[in-house]
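run-v3.txt, holding compact mmCIF, C-alpha atoms and all ligand atoms:
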# COMPACT_ATOMS: atom_id res chain seq x y z
CA MET M 1 60.09 -26.98 -37.07
CA LEU M 2 56.74 -25.80 -38.47
CA VAL M 3 54.96 -22.48 -38.83
CA GLU M 4 52.84 -23.58 -35.84
CA ASN M 5 56.00 -23.41 -33.73
CA CYS M 6 56.30 -19.70 -34.56
CA LYS M 7 54.11 -17.26 -32.71
CA ILE M 8 53.36 -13.70 -31.74
CA ILE M 9 54.79 -12.86 -28.34
CA GLU M 10 53.20 -9.98 -26.44
CA LEU M 11 55.89 -8.02 -24.62
CA PRO M 12 55.33 -6.23 -21.33
CA ILE M 13 54.39 -2.55 -21.44
CA ILE M 14 55.31 -0.20 -18.61
CA SER M 15 53.18 2.83 -19.27
CA ASP M 16 53.06 6.19 -17.50
CA TYR M 17 52.63 9.85 -18.40
CA ARG M 18 56.13 9.84 -19.97
CA GLY M 19 55.21 7.14 -22.47
CA ASN M 20 55.63 3.40 -22.88
CA LEU M 21 58.53 1.08 -22.15
CA SER M 22 58.74 -2.53 -23.33
CA PHE M 23 61.49 -5.03 -22.76
CA VAL M 24 62.75 -8.48 -23.76
CA GLU M 25 64.97 -10.70 -21.64
CA SER M 26 66.85 -13.84 -22.74
CA MET M 27 64.93 -17.03 -21.88
CA ASN M 28 62.20 -15.00 -20.25
CA GLN M 29 59.77 -13.47 -22.75
CA ILE M 30 61.53 -15.44 -25.50
CA PRO M 31 62.74 -19.08 -25.62
CA PHE M 32 66.38 -18.31 -26.48
CA ASP M 33 69.44 -16.37 -25.36
CA ILE M 34 70.07 -13.15 -27.29
CA ASN M 35 73.54 -13.01 -28.84
CA ARG M 36 72.93 -10.48 -31.58
CA VAL M 37 70.69 -7.52 -32.31
CA TYR M 38 70.27 -6.00 -35.76
CA TYR M 39 67.78 -3.66 -37.35
CA LEU M 40 66.50 -2.69 -40.76
CA TYR M 41 65.77 0.97 -41.42
CA ASP M 42 65.65 3.52 -44.29
CA ILE M 43 63.87 0.80 -46.25
CA PRO M 44 62.89 2.04 -49.71
CA GLY M 45 59.25 1.77 -50.79
CA GLY M 46 58.49 -1.60 -52.34
CA ALA M 47 61.62 -3.27 -50.98
CA GLU M 48 61.43 -6.89 -49.91
CA ARG M 49 63.79 -8.47 -47.38
CA GLY M 50 64.36 -11.90 -45.96
CA GLY M 51 64.08 -14.52 -48.67
CA HIS M 52 65.94 -17.09 -46.65
CA ALA M 53 65.73 -19.58 -43.78
CA HIS M 54 68.13 -20.34 -40.95
CA LYS M 55 69.39 -23.76 -39.96
CA GLU M 56 69.74 -23.19 -36.21
CA LEU M 57 68.98 -19.55 -35.51
CA HIS M 58 66.03 -18.43 -33.38
CA GLN M 59 64.79 -14.88 -33.87
CA LEU M 60 62.28 -12.39 -32.56
CA ILE M 61 61.19 -9.71 -35.05
CA ILE M 62 59.62 -6.50 -33.78
CA ALA M 63 58.16 -3.59 -35.75
CA ILE M 64 59.72 -0.91 -33.55
CA SER M 65 58.22 1.73 -35.80
CA GLY M 66 55.71 1.55 -38.64
CA SER M 67 54.57 -1.78 -40.00
CA PHE M 68 55.45 -4.59 -42.41
CA GLU M 69 54.35 -8.11 -43.28
CA VAL M 70 56.26 -11.30 -42.55
CA THR M 71 55.34 -14.49 -44.41
CA LEU M 72 56.57 -17.73 -42.85
CA ASN M 73 56.83 -20.96 -44.81
CA ASP M 74 57.91 -24.35 -43.45
CA GLY M 75 58.00 -26.09 -46.83
CA LYS M 76 54.36 -27.13 -46.53
CA ASN M 77 52.28 -24.40 -44.93
CA SER M 78 52.65 -20.65 -44.85
CA THR M 79 51.27 -17.89 -42.62
CA THR M 80 51.49 -14.12 -42.96
CA TYR M 81 51.71 -11.79 -39.99
CA LEU M 82 51.26 -8.03 -40.00
CA LEU M 83 53.66 -6.55 -37.46
CA ASN M 84 52.58 -3.06 -36.43
CA ARG M 85 53.03 -2.81 -32.67
CA SER M 86 56.24 -2.02 -30.74
CA ASN M 87 55.21 -4.34 -27.91
CA ARG M 88 54.60 -7.36 -30.09
CA GLY M 89 57.28 -9.69 -31.50
CA LEU M 90 57.13 -12.56 -33.95
CA TYR M 91 59.15 -15.53 -32.75
CA ILE M 92 60.65 -17.56 -35.61
CA CYS M 93 62.17 -20.96 -34.88
CA PRO M 94 64.88 -22.54 -37.07
CA LEU M 95 64.15 -23.99 -40.53
CA ILE M 96 61.43 -21.52 -41.45
CA TRP M 97 61.61 -19.56 -44.71
CA ARG M 98 60.65 -15.90 -44.21
CA ASP M 99 59.80 -13.04 -46.57
CA LEU M 100 59.37 -9.47 -45.33
CA LYS M 101 57.53 -6.90 -47.43
CA ASN M 102 55.09 -3.97 -47.47
CA PHE M 103 57.25 -1.84 -45.19
CA THR M 104 55.60 1.48 -44.43
CA SER M 105 57.66 4.64 -44.83
CA GLY M 106 60.02 5.15 -41.89
CA SER M 107 59.44 1.68 -40.50
CA VAL M 108 62.13 0.03 -38.38
CA CYS M 109 62.46 -3.74 -38.02
CA LEU M 110 64.33 -4.86 -34.92
CA VAL M 111 65.63 -8.44 -34.83
CA LEU M 112 66.86 -10.26 -31.74
CA ALA M 113 68.86 -13.35 -32.70
CA SER M 114 70.14 -16.34 -30.77
CA ASP M 115 73.60 -16.35 -32.32
CA PHE M 116 76.24 -14.30 -34.07
CA TYR M 117 76.00 -13.76 -37.80
CA SER M 118 77.10 -16.78 -39.81
CA GLU M 119 76.47 -17.16 -43.52
CA ASP M 120 76.80 -20.94 -43.03
CA ASP M 121 73.54 -20.86 -41.04
CA TYR M 122 71.54 -19.62 -44.07
CA PHE M 123 69.45 -21.38 -46.67
CA ARG M 124 69.29 -18.76 -49.42
CA ASN M 125 67.97 -21.12 -52.08
CA TYR M 126 64.31 -22.09 -51.65
CA GLU M 127 64.65 -25.35 -53.60
CA ILE M 128 67.47 -26.56 -51.35
CA PHE M 129 65.49 -25.47 -48.27
CA TYR M 130 62.40 -27.29 -49.57
CA GLU M 131 64.30 -30.51 -50.31
CA THR M 132 65.94 -30.41 -46.88
CA LYS M 133 62.55 -30.01 -45.20
CA GLN M 134 61.06 -32.89 -47.20
CA SER M 135 63.91 -35.18 -46.19
CA LEU M 136 63.54 -34.17 -42.53
CA ILE M 137 59.79 -34.89 -42.65
CA LYS M 138 60.51 -38.41 -43.97
CA LEU M 139 62.92 -39.22 -41.10
P1 LIG P 201 70.36 -10.65 -44.89
O1 LIG P 201 70.31 -11.58 -43.74
O2 LIG P 201 70.22 -11.25 -46.25
O3 LIG P 201 69.30 -9.50 -44.72
P2 LIG P 201 67.69 -9.56 -44.61
O4 LIG P 201 67.34 -10.83 -43.96
O5 LIG P 201 67.33 -8.39 -43.80
O6 LIG P 201 67.11 -9.42 -45.94
O7 LIG P 201 71.73 -9.85 -44.81
C1 LIG P 201 72.07 -8.83 -45.73
C2 LIG P 201 73.59 -8.68 -45.71
O8 LIG P 201 74.02 -8.23 -44.44
C3 LIG P 201 74.33 -9.96 -46.03
O9 LIG P 201 75.45 -9.63 -46.82
C4 LIG P 201 74.80 -10.44 -44.68
C5 LIG P 201 74.96 -9.15 -43.89
N1 LIG P 201 74.68 -9.31 -42.45
C6 LIG P 201 75.71 -9.18 -41.53
O10 LIG P 201 76.89 -8.94 -41.89
N2 LIG P 201 75.43 -9.31 -40.20
C7 LIG P 201 74.17 -9.56 -39.76
O11 LIG P 201 73.94 -9.67 -38.52
C8 LIG P 201 73.11 -9.71 -40.72
C9 LIG P 201 71.70 -10.01 -40.30
C10 LIG P 201 73.42 -9.57 -42.06
Represent the structure contained in this file as structure tokens.
Amino acid sequence: MLVENCKIIELPIISDYRGNLSFVESMNQIPFDINRVYYLYDIPGGAERGGHAHKELHQLIIAISGSFEVTLNDGKNSTTYLLNRSNRGLYICPLIWRDLKNFTSGSVCLVLASDFYSEDDYFRNYEIFYETKQSLIKL
């Protein structure tokens, strides 16, 4: 699971004089079933979120409002994405460390996740994540 396996997914836009509508369906626009939705909001200036990786979870992150940056790191390479469009999601596969920062005022980060919340699915220590990735690469 590398940063190359993560990607921006353009979501459909249904646009008319009343505004825009975008949607996401399990296993359709995204390569996983959605079992959980959560969102970050009222984010104070300068706050940073993320700072972890997941063992099995797949996610799609959307800047529903405003913008923020997401840096992905697979233990070897890293890539930073600016999310600033409501019809664009960043797909993150398992075993990718992510850091979210530079949230603009009033921004809202919507996350679609493949499973229920489980603390056991987290790597919260970068060194342990890094060592795990190195041992997987050697397999
Ligand atoms: P965390 O995943 O660290 O947040 P972020 O990735 O946005 O920085 O979660 C913060 C806290 O919220 C932590 O105590 C776990 C809890 N939490 C839930 O209870 N359910 C959830 O669905 C999520 C994502 C977090």
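Between atom CA of M:Asp99 and atom CA of M:Pro12 the separation is 26.5 Å.
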- [ ] Identify which of the residues M:Met27, M:Val111, M:Leu2, M:Ile92 lies closest to ligand LIG 201 (chain P), counting only C-alpha atoms and all ligand atoms when measuring atom-to-atom distances.
- [x] M:Val111
- [ ] Using all atoms listed in the file, find each protein or nucleic acid residue lying at most 12 Å from ligand LIG 201 (chain P); present the set as a PyMOL selection string.
- [x] chain M and resi 35-41+43+47-54+57+59+61+70+97-101+108-125
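Considering only C-alpha atoms, the residue among M:Lys138, M:His58, M:Arg88, M:Lys133 positioned nearest to M:Cys6 is M:His58.
Checking M:Leu72, M:Leu83, M:Ile62, M:Ile30 one by one against M:Met1, counting all atoms listed in the file, you find the shortest gap at M:Leu72.
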TODO: Using all atoms listed in the file, pick whichever of M:Tyr81, M:Lys76, M:Gly19, M:Glu56 has the shortest atom-to-atom distance to M:Lys7.
DONE: M:Tyr81
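Counting only C-alpha atoms and comparing M:Val3, M:Ile34, M:Leu21, M:Ile128, the residue that lies closest to M:Pro94 is M:Val3.
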TODO: Report the distance between atom CA of M:Ile13 and atom CA of M:Arg85 in Å, rounded to one decimal place.
DONE: 11.3 Å
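Relative to atom CA of M:Ile64, atom CA of M:Asn84 is found at 8.0 Å.
Minimum distance to M:Cys93 across M:Ser105, M:Asn73, M:Thr80, M:Ser22 (counting only C-alpha atoms) occurs at M:Asn73.
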Will you model N, CA and C atoms for stretch 56-72 of chain M and pass it back as a PDB file, in the coordinates of the input?
ATOM      1  N   GLU M  56      69.799 -23.027 -37.675  1.00  0.00           N
ATOM      2  CA  GLU M  56      69.740 -23.190 -36.210  1.00  0.00           C
ATOM      3  C   GLU M  56      69.299 -21.942 -35.470  1.00  0.00           C
ATOM      4  N   LEU M  57      69.228 -20.828 -36.174  1.00  0.00           N
ATOM      5  CA  LEU M  57      68.980 -19.550 -35.510  1.00  0.00           C
ATOM      6  C   LEU M  57      67.523 -19.385 -35.068  1.00  0.00           C
ATOM      7  N   HIS M  58      67.351 -18.870 -33.865  1.00  0.00           N
ATOM      8  CA  HIS M  58      66.030 -18.430 -33.380  1.00  0.00           C
ATOM      9  C   HIS M  58      66.023 -16.906 -33.447  1.00  0.00           C
ATOM     10  N   GLN M  59      64.867 -16.336 -33.772  1.00  0.00           N
ATOM     11  CA  GLN M  59      64.790 -14.880 -33.870  1.00  0.00           C
ATOM     12  C   GLN M  59      63.466 -14.363 -33.325  1.00  0.00           C
ATOM     13  N   LEU M  60      63.511 -13.124 -32.875  1.00  0.00           N
ATOM     14  CA  LEU M  60      62.280 -12.390 -32.560  1.00  0.00           C
ATOM     15  C   LEU M  60      62.319 -11.117 -33.399  1.00  0.00           C
ATOM     16  N   ILE M  61      61.263 -10.889 -34.176  1.00  0.00           N
ATOM     17  CA  ILE M  61      61.190  -9.710 -35.050  1.00  0.00           C
ATOM     18  C   ILE M  61      60.142  -8.768 -34.483  1.00  0.00           C
ATOM     19  N   ILE M  62      60.531  -7.504 -34.339  1.00  0.00           N
ATOM     20  CA  ILE M  62      59.620  -6.500 -33.780  1.00  0.00           C
ATOM     21  C   ILE M  62      59.550  -5.297 -34.733  1.00  0.00           C
ATOM     22  N   ALA M  63      58.335  -4.842 -35.013  1.00  0.00           N
ATOM     23  CA  ALA M  63      58.160  -3.590 -35.750  1.00  0.00           C
ATOM     24  C   ALA M  63      58.272  -2.462 -34.724  1.00  0.00           C
ATOM     25  N   ILE M  64      59.491  -1.966 -34.542  1.00  0.00           N
ATOM     26  CA  ILE M  64      59.720  -0.910 -33.550  1.00  0.00           C
ATOM     27  C   ILE M  64      59.009   0.367 -33.963  1.00  0.00           C
ATOM     28  N   SER M  65      58.929   0.579 -35.268  1.00  0.00           N
ATOM     29  CA  SER M  65      58.220   1.730 -35.800  1.00  0.00           C
ATOM     30  C   SER M  65      57.563   1.324 -37.112  1.00  0.00           C
ATOM     31  N   GLY M  66      56.392   1.867 -37.393  1.00  0.00           N
ATOM     32  CA  GLY M  66      55.710   1.550 -38.640  1.00  0.00           C
ATOM     33  C   GLY M  66      55.218   0.114 -38.677  1.00  0.00           C
ATOM     34  N   SER M  67      55.081  -0.409 -39.880  1.00  0.00           N
ATOM     35  CA  SER M  67      54.570  -1.780 -40.000  1.00  0.00           C
ATOM     36  C   SER M  67      55.127  -2.456 -41.257  1.00  0.00           C
ATOM     37  N   PHE M  68      55.051  -3.773 -41.255  1.00  0.00           N
ATOM     38  CA  PHE M  68      55.450  -4.590 -42.410  1.00  0.00           C
ATOM     39  C   PHE M  68      54.853  -5.972 -42.232  1.00  0.00           C
ATOM     40  N   GLU M  69      54.897  -6.745 -43.314  1.00  0.00           N
ATOM     41  CA  GLU M  69      54.350  -8.110 -43.280  1.00  0.00           C
ATOM     42  C   GLU M  69      55.477  -9.127 -43.319  1.00  0.00           C
ATOM     43  N   VAL M  70      55.296 -10.200 -42.565  1.00  0.00           N
ATOM     44  CA  VAL M  70      56.260 -11.300 -42.550  1.00  0.00           C
ATOM     45  C   VAL M  70      55.508 -12.580 -42.937  1.00  0.00           C
ATOM     46  N   THR M  71      55.931 -13.204 -44.011  1.00  0.00           N
ATOM     47  CA  THR M  71      55.340 -14.490 -44.410  1.00  0.00           C
ATOM     48  C   THR M  71      56.294 -15.607 -44.042  1.00  0.00           C
ATOM     49  N   LEU M  72      55.784 -16.569 -43.287  1.00  0.00           N
ATOM     50  CA  LEU M  72      56.570 -17.730 -42.850  1.00  0.00           C
ATOM     51  C   LEU M  72      56.134 -18.944 -43.651  1.00  0.00           C
TER      52      LEU M  72
END
